[in-house]
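> Compact mmCIF, C-alpha atoms, saved as target-v8.txt, coming up:
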```
# COMPACT_ATOMS: atom_id res chain seq x y z
CA MET Q 18 50.46 48.70 18.13
CA ARG Q 19 48.33 47.47 21.02
CA ARG Q 20 50.56 48.59 23.91
CA PRO Q 21 50.60 52.32 23.13
CA PHE Q 22 46.82 52.28 22.58
CA ALA Q 23 46.22 50.42 25.86
CA ALA Q 24 48.53 52.76 27.76
CA ALA Q 25 46.86 55.81 26.29
CA LEU Q 26 43.40 54.45 27.13
CA LEU Q 27 44.44 53.69 30.72
CA ALA Q 28 45.89 57.17 31.15
CA PHE Q 29 42.68 58.70 29.76
CA LEU Q 30 40.48 56.67 32.12
CA CYS Q 31 42.65 57.51 35.12
CA ALA Q 32 42.43 61.18 34.25
CA ILE Q 33 38.63 60.90 34.32
CA VAL Q 34 38.53 59.02 37.61
CA ILE Q 35 40.80 61.32 39.61
CA LEU Q 36 39.26 64.56 38.38
CA PRO Q 37 37.71 66.08 41.56
CA LEU Q 38 34.29 67.65 41.70
CA SER Q 39 34.22 71.38 42.22
CA PRO Q 40 31.61 73.00 44.51
CA GLY Q 41 28.26 72.94 42.77
CA GLN Q 42 28.99 69.88 40.62
CA VAL Q 43 27.07 66.71 41.42
CA PRO Q 44 27.39 62.99 40.74
CA SER Q 45 24.90 61.31 38.42
CA THR Q 46 22.92 59.26 40.97
CA THR Q 47 21.13 59.97 44.24
CA GLY Q 48 23.31 57.63 46.28
CA ALA Q 49 20.18 56.14 47.89
CA THR Q 50 19.64 52.37 48.05
CA ALA Q 51 17.11 50.02 49.64
CA ILE Q 52 19.16 50.23 52.86
CA PRO Q 53 18.15 53.39 54.77
CA ASP Q 54 20.55 56.30 55.12
CA HIS Q 55 20.28 59.99 56.13
CA VAL Q 56 18.85 58.77 59.46
CA ALA Q 57 18.15 61.78 61.66
CA LEU Q 58 16.33 62.53 64.91
CA THR Q 59 14.15 65.56 65.66
CA TRP Q 60 11.30 66.42 67.99
CA THR Q 61 7.82 67.23 66.79
CA GLY Q 62 6.33 66.55 70.24
CA ASP Q 63 7.33 66.41 73.90
CA PRO Q 64 11.08 65.61 74.28
CA GLU Q 65 10.27 63.64 77.43
CA THR Q 66 7.96 61.11 75.78
CA THR Q 67 8.42 61.29 71.99
CA MET Q 68 11.07 61.05 69.28
CA THR Q 69 10.72 61.66 65.53
CA ILE Q 70 12.95 59.76 63.10
CA THR Q 71 13.45 60.49 59.41
CA TRP Q 72 15.39 58.50 56.82
CA ARG Q 73 15.88 58.01 53.08
CA THR Q 74 15.85 55.11 50.60
CA ASP Q 75 15.63 54.68 46.85
CA PRO Q 76 12.09 54.82 45.39
CA THR Q 77 11.74 51.02 45.13
CA VAL Q 78 11.09 50.84 48.89
CA MET Q 79 7.38 51.43 49.48
CA SER Q 80 7.01 51.08 53.27
CA GLY Q 81 9.07 51.68 56.36
CA MET Q 82 9.07 51.13 60.10
CA VAL Q 83 11.07 51.78 63.25
CA GLU Q 84 11.99 48.82 65.43
CA PHE Q 85 12.85 50.00 68.95
CA GLN Q 86 13.06 49.02 72.60
CA LYS Q 87 14.49 50.13 75.91
CA GLY Q 88 18.14 49.38 76.54
CA GLY Q 89 21.33 49.09 74.56
CA LYS Q 90 20.43 46.62 71.82
CA ILE Q 91 17.59 45.26 69.70
CA THR Q 92 16.26 41.88 70.88
CA GLY Q 93 13.07 39.88 70.44
CA LYS Q 94 11.24 42.29 72.78
CA SER Q 95 11.29 45.19 70.33
CA VAL Q 96 8.27 47.23 69.25
CA LYS Q 97 7.57 48.37 65.68
CA ALA Q 98 6.13 51.72 64.59
CA GLN Q 99 5.01 52.39 61.03
CA ALA Q 100 6.39 55.35 59.09
CA VAL Q 101 4.79 57.75 56.64
CA ALA Q 102 6.43 57.60 53.20
CA ARG Q 103 6.60 60.22 50.47
CA GLU Q 104 8.52 60.54 47.25
CA PHE Q 105 11.05 63.33 47.04
CA VAL Q 106 12.43 64.10 43.58
CA THR Q 107 15.88 65.69 43.70
CA ASP Q 108 18.27 67.06 41.10
CA LEU Q 109 19.95 63.62 41.16
CA GLY Q 110 16.72 61.68 40.71
CA PRO Q 111 13.82 60.35 42.79
CA THR Q 112 14.16 59.15 46.38
CA ARG Q 113 11.74 58.15 49.12
CA LEU Q 114 11.65 59.79 52.54
CA PHE Q 115 10.19 58.18 55.65
CA THR Q 116 9.15 59.76 58.95
CA ALA Q 117 7.90 58.09 62.12
CA THR Q 118 7.13 59.64 65.51
CA LEU Q 119 7.48 57.36 68.52
CA THR Q 120 5.07 58.25 71.32
CA GLY Q 121 4.42 57.03 74.86
CA LEU Q 122 8.12 56.76 75.65
CA SER Q 123 9.47 56.85 79.19
CA PRO Q 124 11.37 59.98 80.29
CA LYS Q 125 15.14 59.81 80.88
CA THR Q 126 15.35 56.41 79.17
CA LYS Q 127 17.78 55.03 76.59
CA TYR Q 128 16.22 53.35 73.57
CA SER Q 129 17.87 51.32 70.83
CA TYR Q 130 16.37 51.41 67.35
CA ARG Q 131 16.81 50.68 63.67
CA VAL Q 132 14.78 51.70 60.64
CA GLY Q 133 13.89 49.80 57.49
CA ASP Q 134 11.22 47.89 55.59
CA GLY Q 135 11.45 44.58 57.46
CA ARG Q 136 14.18 43.18 55.20
CA ASN Q 137 16.59 46.06 54.68
CA TRP Q 138 17.64 47.73 57.92
CA SER Q 139 19.84 50.61 58.95
CA GLU Q 140 22.64 50.06 61.41
CA PRO Q 141 21.30 50.04 65.00
CA SER Q 142 21.52 53.34 66.83
CA PHE Q 143 20.14 54.81 70.06
CA PHE Q 144 18.68 57.90 71.71
CA THR Q 145 17.77 59.01 75.22
CA THR Q 146 14.55 60.83 76.09
CA ALA Q 147 14.61 63.99 78.19
CA ARG Q 148 14.39 63.72 81.93
CA ARG Q 149 11.16 65.01 83.42
CA LYS Q 150 11.39 68.72 84.27
CA ALA Q 151 15.14 68.86 83.69
CA ARG Q 152 16.71 71.81 85.54
CA SER Q 153 19.96 71.94 83.56
CA PHE Q 154 21.27 70.42 80.33
CA LYS Q 155 23.78 70.82 77.52
CA PHE Q 156 23.26 71.17 73.78
CA LEU Q 157 25.59 71.66 70.81
CA ILE Q 158 25.32 74.64 68.47
CA PHE Q 159 26.92 75.08 65.04
CA GLY Q 160 26.82 77.82 62.43
CA ASP Q 161 27.39 77.61 58.67
CA SER Q 162 28.48 73.99 58.27
CA GLN Q 163 28.42 74.57 54.49
CA SER Q 164 31.50 73.21 52.76
CA ALA Q 165 32.97 72.03 49.47
CA VAL Q 166 31.50 68.84 48.03
CA GLY Q 167 34.53 68.06 45.88
CA GLY Q 168 38.01 66.86 46.75
CA PRO Q 169 39.16 63.78 48.67
CA GLU Q 170 37.02 64.52 51.76
CA PRO Q 171 33.63 66.13 50.98
CA TYR Q 172 32.49 68.23 53.95
CA GLY Q 173 35.62 67.15 55.83
CA LEU Q 174 35.68 70.23 58.05
CA TRP Q 175 32.06 69.64 59.05
CA ARG Q 176 32.82 65.96 59.74
CA ARG Q 177 35.72 66.79 62.05
CA THR Q 178 33.80 69.58 63.78
CA VAL Q 179 30.58 67.70 64.54
CA GLN Q 180 32.26 64.40 65.39
CA ASN Q 181 34.80 66.02 67.73
CA ALA Q 182 32.13 68.17 69.38
CA TYR Q 183 29.95 65.15 70.08
CA ALA Q 184 32.90 63.02 71.26
CA ALA Q 185 33.82 65.73 73.78
CA ASN Q 186 30.20 66.23 74.91
CA ARG Q 187 28.49 62.84 75.06
CA ASP Q 188 26.00 64.30 77.52
CA ALA Q 189 24.67 66.81 74.98
CA LYS Q 190 20.89 66.39 74.64
CA PHE Q 191 20.43 67.82 71.13
CA MET Q 192 22.10 70.01 68.52
CA VAL Q 193 21.24 73.17 66.58
CA ASN Q 194 22.63 74.33 63.23
CA VAL Q 195 21.90 78.04 62.85
CA GLY Q 196 21.38 78.04 59.08
CA ASP Q 197 23.48 77.38 55.98
CA LEU Q 198 23.81 73.71 56.76
CA VAL Q 199 25.03 73.12 53.21
CA ASP Q 200 26.61 75.31 50.55
CA TYR Q 201 24.10 74.50 47.79
CA GLY Q 202 20.82 73.62 49.45
CA GLN Q 203 19.11 72.52 46.23
CA LEU Q 204 21.82 70.01 45.24
CA GLY Q 205 21.61 66.46 46.57
CA ALA Q 206 25.38 65.92 46.55
CA HIS Q 207 25.78 68.50 49.31
CA TRP Q 208 23.16 66.88 51.52
CA ASN Q 209 24.68 63.44 50.88
CA ALA Q 210 28.02 64.77 52.11
CA TRP Q 211 26.45 66.59 55.08
CA PHE Q 212 24.59 63.51 56.32
CA ALA Q 213 27.58 61.23 55.76
CA ALA Q 214 29.75 63.56 57.84
CA ALA Q 215 27.20 63.80 60.66
CA LYS Q 216 26.40 60.07 60.82
CA GLY Q 217 26.72 58.78 64.36
CA VAL Q 218 25.58 62.13 65.78
CA VAL Q 219 22.31 63.18 64.12
CA ASP Q 220 20.98 59.64 64.56
CA ARG Q 221 21.71 59.78 68.32
CA ILE Q 222 20.68 63.30 69.35
CA PRO Q 223 17.95 65.44 67.74
CA GLU Q 224 18.92 68.11 65.21
CA MET Q 225 16.68 71.18 65.59
CA ALA Q 226 17.75 73.01 62.45
CA VAL Q 227 17.43 76.66 61.38
CA SER Q 228 17.15 77.57 57.68
CA GLY Q 229 19.63 79.96 56.06
CA ASN Q 230 20.09 81.61 52.69
CA HIS Q 231 22.30 78.82 51.31
CA GLU Q 232 19.42 76.39 51.75
CA TYR Q 233 17.98 78.13 48.64
CA PHE Q 234 21.14 78.02 46.49
CA GLY Q 235 21.65 75.75 43.51
CA SER Q 236 18.30 76.06 41.75
CA LYS Q 237 16.61 78.54 39.44
CA ASN Q 238 13.65 78.41 41.85
CA MET Q 239 15.18 80.36 44.72
CA THR Q 240 11.88 80.80 46.56
CA GLN Q 241 11.72 77.31 48.08
CA ALA Q 242 14.12 75.49 50.40
CA ALA Q 243 12.87 72.16 49.06
CA PHE Q 244 15.51 69.86 50.56
CA PHE Q 245 15.34 71.54 53.98
CA ASN Q 246 11.54 71.37 54.05
CA ALA Q 247 11.45 67.72 53.00
CA GLN Q 248 14.27 66.27 55.07
CA TRP Q 249 13.68 67.83 58.48
CA ALA Q 250 10.58 66.85 60.44
CA LEU Q 251 10.19 69.83 62.77
CA PRO Q 252 7.36 71.24 64.89
CA GLN Q 253 4.48 72.64 62.86
CA ASN Q 254 3.32 75.20 65.44
CA GLY Q 255 4.66 78.24 63.59
CA PRO Q 256 2.71 80.71 61.45
CA GLU Q 257 1.27 79.81 58.06
CA GLY Q 258 3.71 80.00 55.18
CA VAL Q 259 6.80 79.23 57.29
CA LYS Q 260 5.72 76.17 59.28
CA GLY Q 261 8.69 73.90 59.91
CA ARG Q 262 11.07 76.83 59.41
CA ALA Q 263 9.51 78.90 62.21
CA TYR Q 264 8.58 76.90 65.29
CA SER Q 265 9.03 76.62 69.05
CA TYR Q 266 9.61 73.88 71.60
CA ASP Q 267 10.47 73.45 75.27
CA TYR Q 268 13.30 71.54 76.89
CA GLY Q 269 13.49 71.70 80.67
CA PRO Q 270 13.32 75.33 81.87
CA VAL Q 271 14.03 76.76 78.38
CA HIS Q 272 11.62 77.84 75.64
CA PHE Q 273 13.35 77.69 72.24
CA VAL Q 274 12.07 79.61 69.23
CA VAL Q 275 13.32 79.22 65.65
CA LEU Q 276 12.57 81.93 63.06
CA ASP Q 277 12.96 82.14 59.29
CA SER Q 278 14.97 85.28 58.47
CA GLN Q 279 15.20 84.61 54.73
CA SER Q 280 12.73 87.27 53.58
CA ASP Q 281 14.79 88.18 50.51
CA GLU Q 282 14.47 84.67 49.12
CA GLN Q 283 10.74 84.56 49.85
CA LYS Q 284 9.50 87.96 48.64
CA ALA Q 285 6.97 86.19 46.43
CA HIS Q 286 5.30 84.84 49.58
CA GLY Q 287 4.63 88.20 51.18
CA ASP Q 288 6.10 89.76 54.32
CA ILE Q 289 7.19 86.66 56.26
CA LEU Q 290 8.93 88.82 58.87
CA LYS Q 291 5.72 90.64 59.82
CA THR Q 292 3.84 87.34 60.04
CA GLN Q 293 6.50 85.89 62.31
CA ARG Q 294 6.76 89.02 64.46
CA GLU Q 295 3.08 88.78 65.34
CA TRP Q 296 3.35 85.04 66.00
CA LEU Q 297 6.53 85.51 68.06
CA GLU Q 298 4.94 88.06 70.37
CA ALA Q 299 2.07 85.68 71.12
CA ASP Q 300 4.37 82.66 71.44
CA LEU Q 301 6.67 84.36 73.95
CA ALA Q 302 3.77 85.80 75.92
CA ALA Q 303 2.26 82.32 76.29
CA SER Q 304 5.47 80.75 77.59
CA LYS Q 305 6.07 80.42 81.32
CA ALA Q 306 9.65 79.15 80.84
CA ILE Q 307 12.37 80.80 82.91
CA TRP Q 308 14.67 81.15 79.90
CA LYS Q 309 13.78 82.00 76.31
CA ILE Q 310 16.23 81.60 73.40
CA VAL Q 311 15.44 82.68 69.85
CA PHE Q 312 17.45 81.46 66.84
CA PHE Q 313 17.51 82.88 63.32
CA HIS Q 314 20.18 82.94 60.61
CA LYS Q 315 20.67 86.56 59.55
CA PRO Q 316 22.33 88.52 62.36
CA PRO Q 317 20.67 91.84 63.23
CA TYR Q 318 24.14 93.26 64.03
CA THR Q 319 26.89 92.22 61.66
CA ILE Q 320 30.60 92.79 61.06
CA TYR Q 321 29.88 93.52 57.37
CA PRO Q 322 28.71 97.15 56.85
CA ARG Q 323 27.04 96.25 53.55
CA ARG Q 324 24.88 93.62 55.26
CA ARG Q 325 22.74 95.83 57.48
CA ASN Q 326 19.81 93.41 57.73
CA ASP Q 327 17.57 96.30 58.79
CA ALA Q 328 14.37 94.37 58.04
CA VAL Q 329 15.37 91.53 60.36
CA LYS Q 330 16.51 93.97 63.03
CA GLY Q 331 13.25 95.91 62.82
CA ALA Q 332 11.07 92.80 62.95
CA PHE Q 333 12.70 90.74 65.70
CA CYS Q 334 14.88 92.93 67.94
CA PRO Q 335 12.12 95.05 69.57
```
Mind converting the file's structure to structure tokens?

Amino acid sequence: MRRPFAAALLAFLCAIVILPLSPGQVPSTTGATAIPDHVALTWTGDPETTMTITWRTDPTVMSGMVEFQKGGKITGKSVKAQAVAREFVTDLGPTRLFTATLTGLSPKTKYSYRVGDGRNWSEPSFFTTARRKARSFKFLIFGDSQSAVGGPEPYGLWRRTVQNAYAANRDAKFMVNVGDLVDYGQLGAHWNAWFAAAKGVVDRIPEMAVSGNHEYFGSKNMTQAAFFNAQWALPQNGPEGVKGRAYSYDYGPVHFVVLDSQSDEQKAHGDILKTQREWLEADLAASKAIWKIVFFHKPPYTIYPRRRNDAVKGAFCP
């Protein structure tokens, strides 16, 4: 009597375990622990002398710091910088996000670093500051890294793409994702998979991200890109209402501008395209850079006739 019952129970449990998640489904926990993860670099200041680092833990961790120093490894000569902490409640539960900006760094210098609370540390990583007045450089650019969160390899295509791109271009100074980083931007499982796939890249070169329409998917509140806004520490020099999603920065002889083209998702916030158009004209006029590159997600000219994007074309192309 016991054997058939045990066999049936085992078969039932196995059926539960191997059942894959379909896109949009999420596990029951955040995946965060006291050991930092989702470690990512950005710039909120001068690429020659600053670096901004963001990471995640579970909500039991109350404080955080960056331990860093010049060279290839952390030794007793390291310096510590305190981070700003804030709680971020996700669909999977509460987490804590930390951000620290290192200042006074030396240009064209390699730094080793780790992040943590003094007891629980991330794996050591490194970054290199920009050379002073760089005349040429390389950066990586990706579009629509969104992928399926289920199956044996969540975001496997993104993992192979970003890891291979970085392996073939170790001299790349930073990277840009031109929107739709994840498929469901309001679901933590997708961001967990995205960061896991990009580990070893986004913690070594800054990610200067662009928001897309999928950053709003997965929630009844489609007017806020909550995960994007919380997780990426980006320049706050854009116009009111879209700060952190519209911004500009300089690297060497290039002035980069990022715009938020997602006016359909943000109709409740007014005409964000008009606001950005006025800011963009002033921003470009003030720049003395030789080259100017502007990024935004919705293409003004598209291969899909039904996606005319006339509002974006009218606002930004002139």
> Identify, on the basis of all atoms listed in the file, every residue whose closest approach to region 309-324 of chain Q does not exceed 12 Å; exclude the query and any residue fewer than 2 positions from it along the same chain; express the result as a ChimeraX atom specification.
/Q:158-161,193-198,225-232,262-281,290,293,297-298,300-307,326-335
> For CA of Thr59 (chain Q) and CA of Glu295 (chain Q), quote the distance in Å rounded to one decimal.
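So the two atoms, CA of Thr59 (chain Q) and CA of Glu295 (chain Q), lie 25.7 Å apart.
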> Rounded to one decimal place, report the CA of His207 (chain Q)-CA of Ala242 (chain Q) distance in Å.
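Atom-to-atom, CA of His207 (chain Q) and CA of Ala242 (chain Q) are spaced 13.6 Å apart.
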> How far is it from CA of Pro223 (chain Q) to CA of Leu114 (chain Q), in Å with one decimal?
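Rounded to one decimal, the two atoms are 17.4 Å apart.
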> Counting only C-alpha atoms, what is within 10 Å of Asn137 (chain Q), bar same-chain residues fewer than 5 positions away, as an NGL selection string?
:Q and (50-53 or 74 or 78 or 81 or 132)
> Please dump the current selection as a tab-separated table (two decimals), keeping the file's coordinate frame; keep C-alpha atoms.

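File written: again25.tsv
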```
chain	number	residue	atom	x	y	z
Q	50	THR	CA	19.64	52.37	48.05
Q	51	ALA	CA	17.11	50.02	49.64
Q	52	ILE	CA	19.16	50.23	52.86
Q	53	PRO	CA	18.15	53.39	54.77
Q	74	THR	CA	15.85	55.11	50.60
Q	78	VAL	CA	11.09	50.84	48.89
Q	81	GLY	CA	9.07	51.68	56.36
Q	132	VAL	CA	14.78	51.70	60.64
```
> Under the rule that only C-alpha atoms are counted, which of Q:Ala151, Q:Val199, Q:Leu251, Q:Ala185 is the nearest residue to Ala165 (chain Q)?
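Using only C-alpha atoms, the shortest distance to Ala165 (chain Q) belongs to Q:Val199.
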> Would you pick out the contacts of Gln203 (chain Q) at 10 Å or less, using only C-alpha atoms, so that residues sharing its chain but fewer than 2 positions from it are not included, and give the list as a list in words?
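Listed by chain and then number, they are Gly41, Thr107, Asp108, Val199, Asp200, Tyr201, Gly205, Ala206, His207, Trp208, His231, Glu232, Tyr233, Phe234, Gly235, Ser236, Lys237, Asn238, Met239, Gln241, Ala242, Ala243, Phe244 and Phe245 of chain Q.
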> Just want the 7 Å neighbourhood of Ala117 (chain Q), counted on all atoms listed in the file, with same-chain residues fewer than 6 positions away dropped. Output as a list in words.
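Final neighbour list, sorted by chain and number: Thr69, Ile70, Thr71, Gln99, Ala100 and Val101 of chain Q.
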> Check the smallest atom-to-atom distance from each of Q:Lys260, Q:Lys97, Q:Arg176, Q:Arg187 to Phe212 (chain Q) using only C-alpha atoms, then report the winner.
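Closest candidate: Q:Arg176.
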> Looking at Q:Thr126, Q:Thr112, Q:Asn209, Q:Thr178, which one is nearest to Val166 (chain Q), with distances taken over all atoms listed in the file?
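Closest residue, counting all atoms listed in the file: Q:Asn209.
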> If we count only C-alpha atoms and set the cut-off at 9 Å, which residues sit around Arg221 (chain Q), ignoring sequence neighbours fewer than 5 positions away in its own chain? Please answer as a PyMOL selection string.
chain Q and resi 57-58+142-145+191+216
> Give the answer as one residue: which of Q:Glu140, Q:Lys87, Q:Gln253, Q:Pro76 has the shortest atom-to-atom distance to Gly62 (chain Q), using only C-alpha atoms?
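When distances to Gly62 (chain Q) are compared using only C-alpha atoms, the smallest one comes from Q:Gln253.
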> Kindly output region 66-87 of chain Q as an mmCIF file, in the coordinates of the input, after building N, CA, C and O atoms.

```cif
data_model
loop_
_atom_site.group_PDB
_atom_site.id
_atom_site.type_symbol
_atom_site.label_atom_id
_atom_site.label_comp_id
_atom_site.auth_asym_id
_atom_site.auth_seq_id
_atom_site.Cartn_x
_atom_site.Cartn_y
_atom_site.Cartn_z
ATOM 1 N N THR Q 66 8.731 62.330 76.080
ATOM 2 C CA THR Q 66 7.960 61.110 75.780
ATOM 3 C C THR Q 66 7.857 60.783 74.296
ATOM 4 O O THR Q 66 7.171 59.829 73.925
ATOM 5 N N THR Q 67 8.511 61.557 73.419
ATOM 6 C CA THR Q 67 8.420 61.290 71.990
ATOM 7 C C THR Q 67 9.794 61.405 71.329
ATOM 8 O O THR Q 67 10.724 62.009 71.879
ATOM 9 N N MET Q 68 9.902 60.849 70.140
ATOM 10 C CA MET Q 68 11.070 61.050 69.280
ATOM 11 C C MET Q 68 10.616 60.858 67.837
ATOM 12 O O MET Q 68 9.867 59.925 67.534
ATOM 13 N N THR Q 69 11.042 61.751 66.954
ATOM 14 C CA THR Q 69 10.720 61.660 65.530
ATOM 15 C C THR Q 69 11.975 61.251 64.771
ATOM 16 O O THR Q 69 13.063 61.803 65.004
ATOM 17 N N ILE Q 70 11.823 60.292 63.860
ATOM 18 C CA ILE Q 70 12.950 59.760 63.100
ATOM 19 C C ILE Q 70 12.640 59.854 61.616
ATOM 20 O O ILE Q 70 11.558 59.473 61.177
ATOM 21 N N THR Q 71 13.590 60.363 60.854
ATOM 22 C CA THR Q 71 13.450 60.490 59.410
ATOM 23 C C THR Q 71 14.608 59.774 58.730
ATOM 24 O O THR Q 71 15.726 59.792 59.232
ATOM 25 N N TRP Q 72 14.331 59.143 57.580
ATOM 26 C CA TRP Q 72 15.390 58.500 56.820
ATOM 27 C C TRP Q 72 15.051 58.472 55.349
ATOM 28 O O TRP Q 72 13.957 58.852 54.951
ATOM 29 N N ARG Q 73 16.007 58.004 54.532
ATOM 30 C CA ARG Q 73 15.880 58.010 53.080
ATOM 31 C C ARG Q 73 16.179 56.630 52.508
ATOM 32 O O ARG Q 73 17.011 55.884 53.048
ATOM 33 N N THR Q 74 15.514 56.281 51.401
ATOM 34 C CA THR Q 74 15.850 55.110 50.600
ATOM 35 C C THR Q 74 15.690 55.464 49.131
ATOM 36 O O THR Q 74 15.275 56.575 48.787
ATOM 37 N N ASP Q 75 15.973 54.485 48.255
ATOM 38 C CA ASP Q 75 15.630 54.680 46.850
ATOM 39 C C ASP Q 75 14.121 54.475 46.685
ATOM 40 O O ASP Q 75 13.444 53.975 47.591
ATOM 41 N N PRO Q 76 13.555 54.848 45.545
ATOM 42 C CA PRO Q 76 12.090 54.820 45.390
ATOM 43 C C PRO Q 76 11.486 53.432 45.264
ATOM 44 O O PRO Q 76 10.257 53.319 45.214
ATOM 45 N N THR Q 77 12.305 52.374 45.213
ATOM 46 C CA THR Q 77 11.740 51.020 45.130
ATOM 47 C C THR Q 77 11.162 50.568 46.462
ATOM 48 O O THR Q 77 10.355 49.639 46.507
ATOM 49 N N VAL Q 78 11.578 51.207 47.552
ATOM 50 C CA VAL Q 78 11.090 50.840 48.890
ATOM 51 C C VAL Q 78 9.777 51.576 49.130
ATOM 52 O O VAL Q 78 9.735 52.803 49.102
ATOM 53 N N MET Q 79 8.710 50.826 49.386
ATOM 54 C CA MET Q 79 7.380 51.430 49.480
ATOM 55 C C MET Q 79 6.898 51.650 50.908
ATOM 56 O O MET Q 79 5.985 52.420 51.135
ATOM 57 N N SER Q 80 7.465 50.941 51.883
ATOM 58 C CA SER Q 80 7.010 51.080 53.270
ATOM 59 C C SER Q 80 8.202 51.069 54.201
ATOM 60 O O SER Q 80 9.290 50.589 53.850
ATOM 61 N N GLY Q 81 7.989 51.610 55.393
ATOM 62 C CA GLY Q 81 9.070 51.680 56.360
ATOM 63 C C GLY Q 81 8.548 51.597 57.779
ATOM 64 O O GLY Q 81 7.367 51.857 58.047
ATOM 65 N N MET Q 82 9.435 51.248 58.691
ATOM 66 C CA MET Q 82 9.070 51.130 60.100
ATOM 67 C C MET Q 82 10.294 51.383 60.966
ATOM 68 O O MET Q 82 11.441 51.312 60.500
ATOM 69 N N VAL Q 83 10.034 51.675 62.231
ATOM 70 C CA VAL Q 83 11.070 51.780 63.250
ATOM 71 C C VAL Q 83 10.909 50.596 64.193
ATOM 72 O O VAL Q 83 9.812 50.337 64.685
ATOM 73 N N GLU Q 84 11.980 49.875 64.429
ATOM 74 C CA GLU Q 84 11.990 48.820 65.430
ATOM 75 C C GLU Q 84 12.789 49.346 66.615
ATOM 76 O O GLU Q 84 13.944 49.753 66.454
ATOM 77 N N PHE Q 85 12.183 49.372 67.808
ATOM 78 C CA PHE Q 85 12.850 50.000 68.950
ATOM 79 C C PHE Q 85 12.493 49.302 70.251
ATOM 80 O O PHE Q 85 11.483 48.595 70.345
ATOM 81 N N GLN Q 86 13.327 49.534 71.263
ATOM 82 C CA GLN Q 86 13.060 49.020 72.600
ATOM 83 C C GLN Q 86 13.990 49.679 73.601
ATOM 84 O O GLN Q 86 15.010 50.278 73.231
ATOM 85 N N LYS Q 87 13.647 49.569 74.854
ATOM 86 C CA LYS Q 87 14.490 50.130 75.910
ATOM 87 C C LYS Q 87 15.793 49.339 75.997
ATOM 88 O O LYS Q 87 15.823 48.136 75.750
#
```
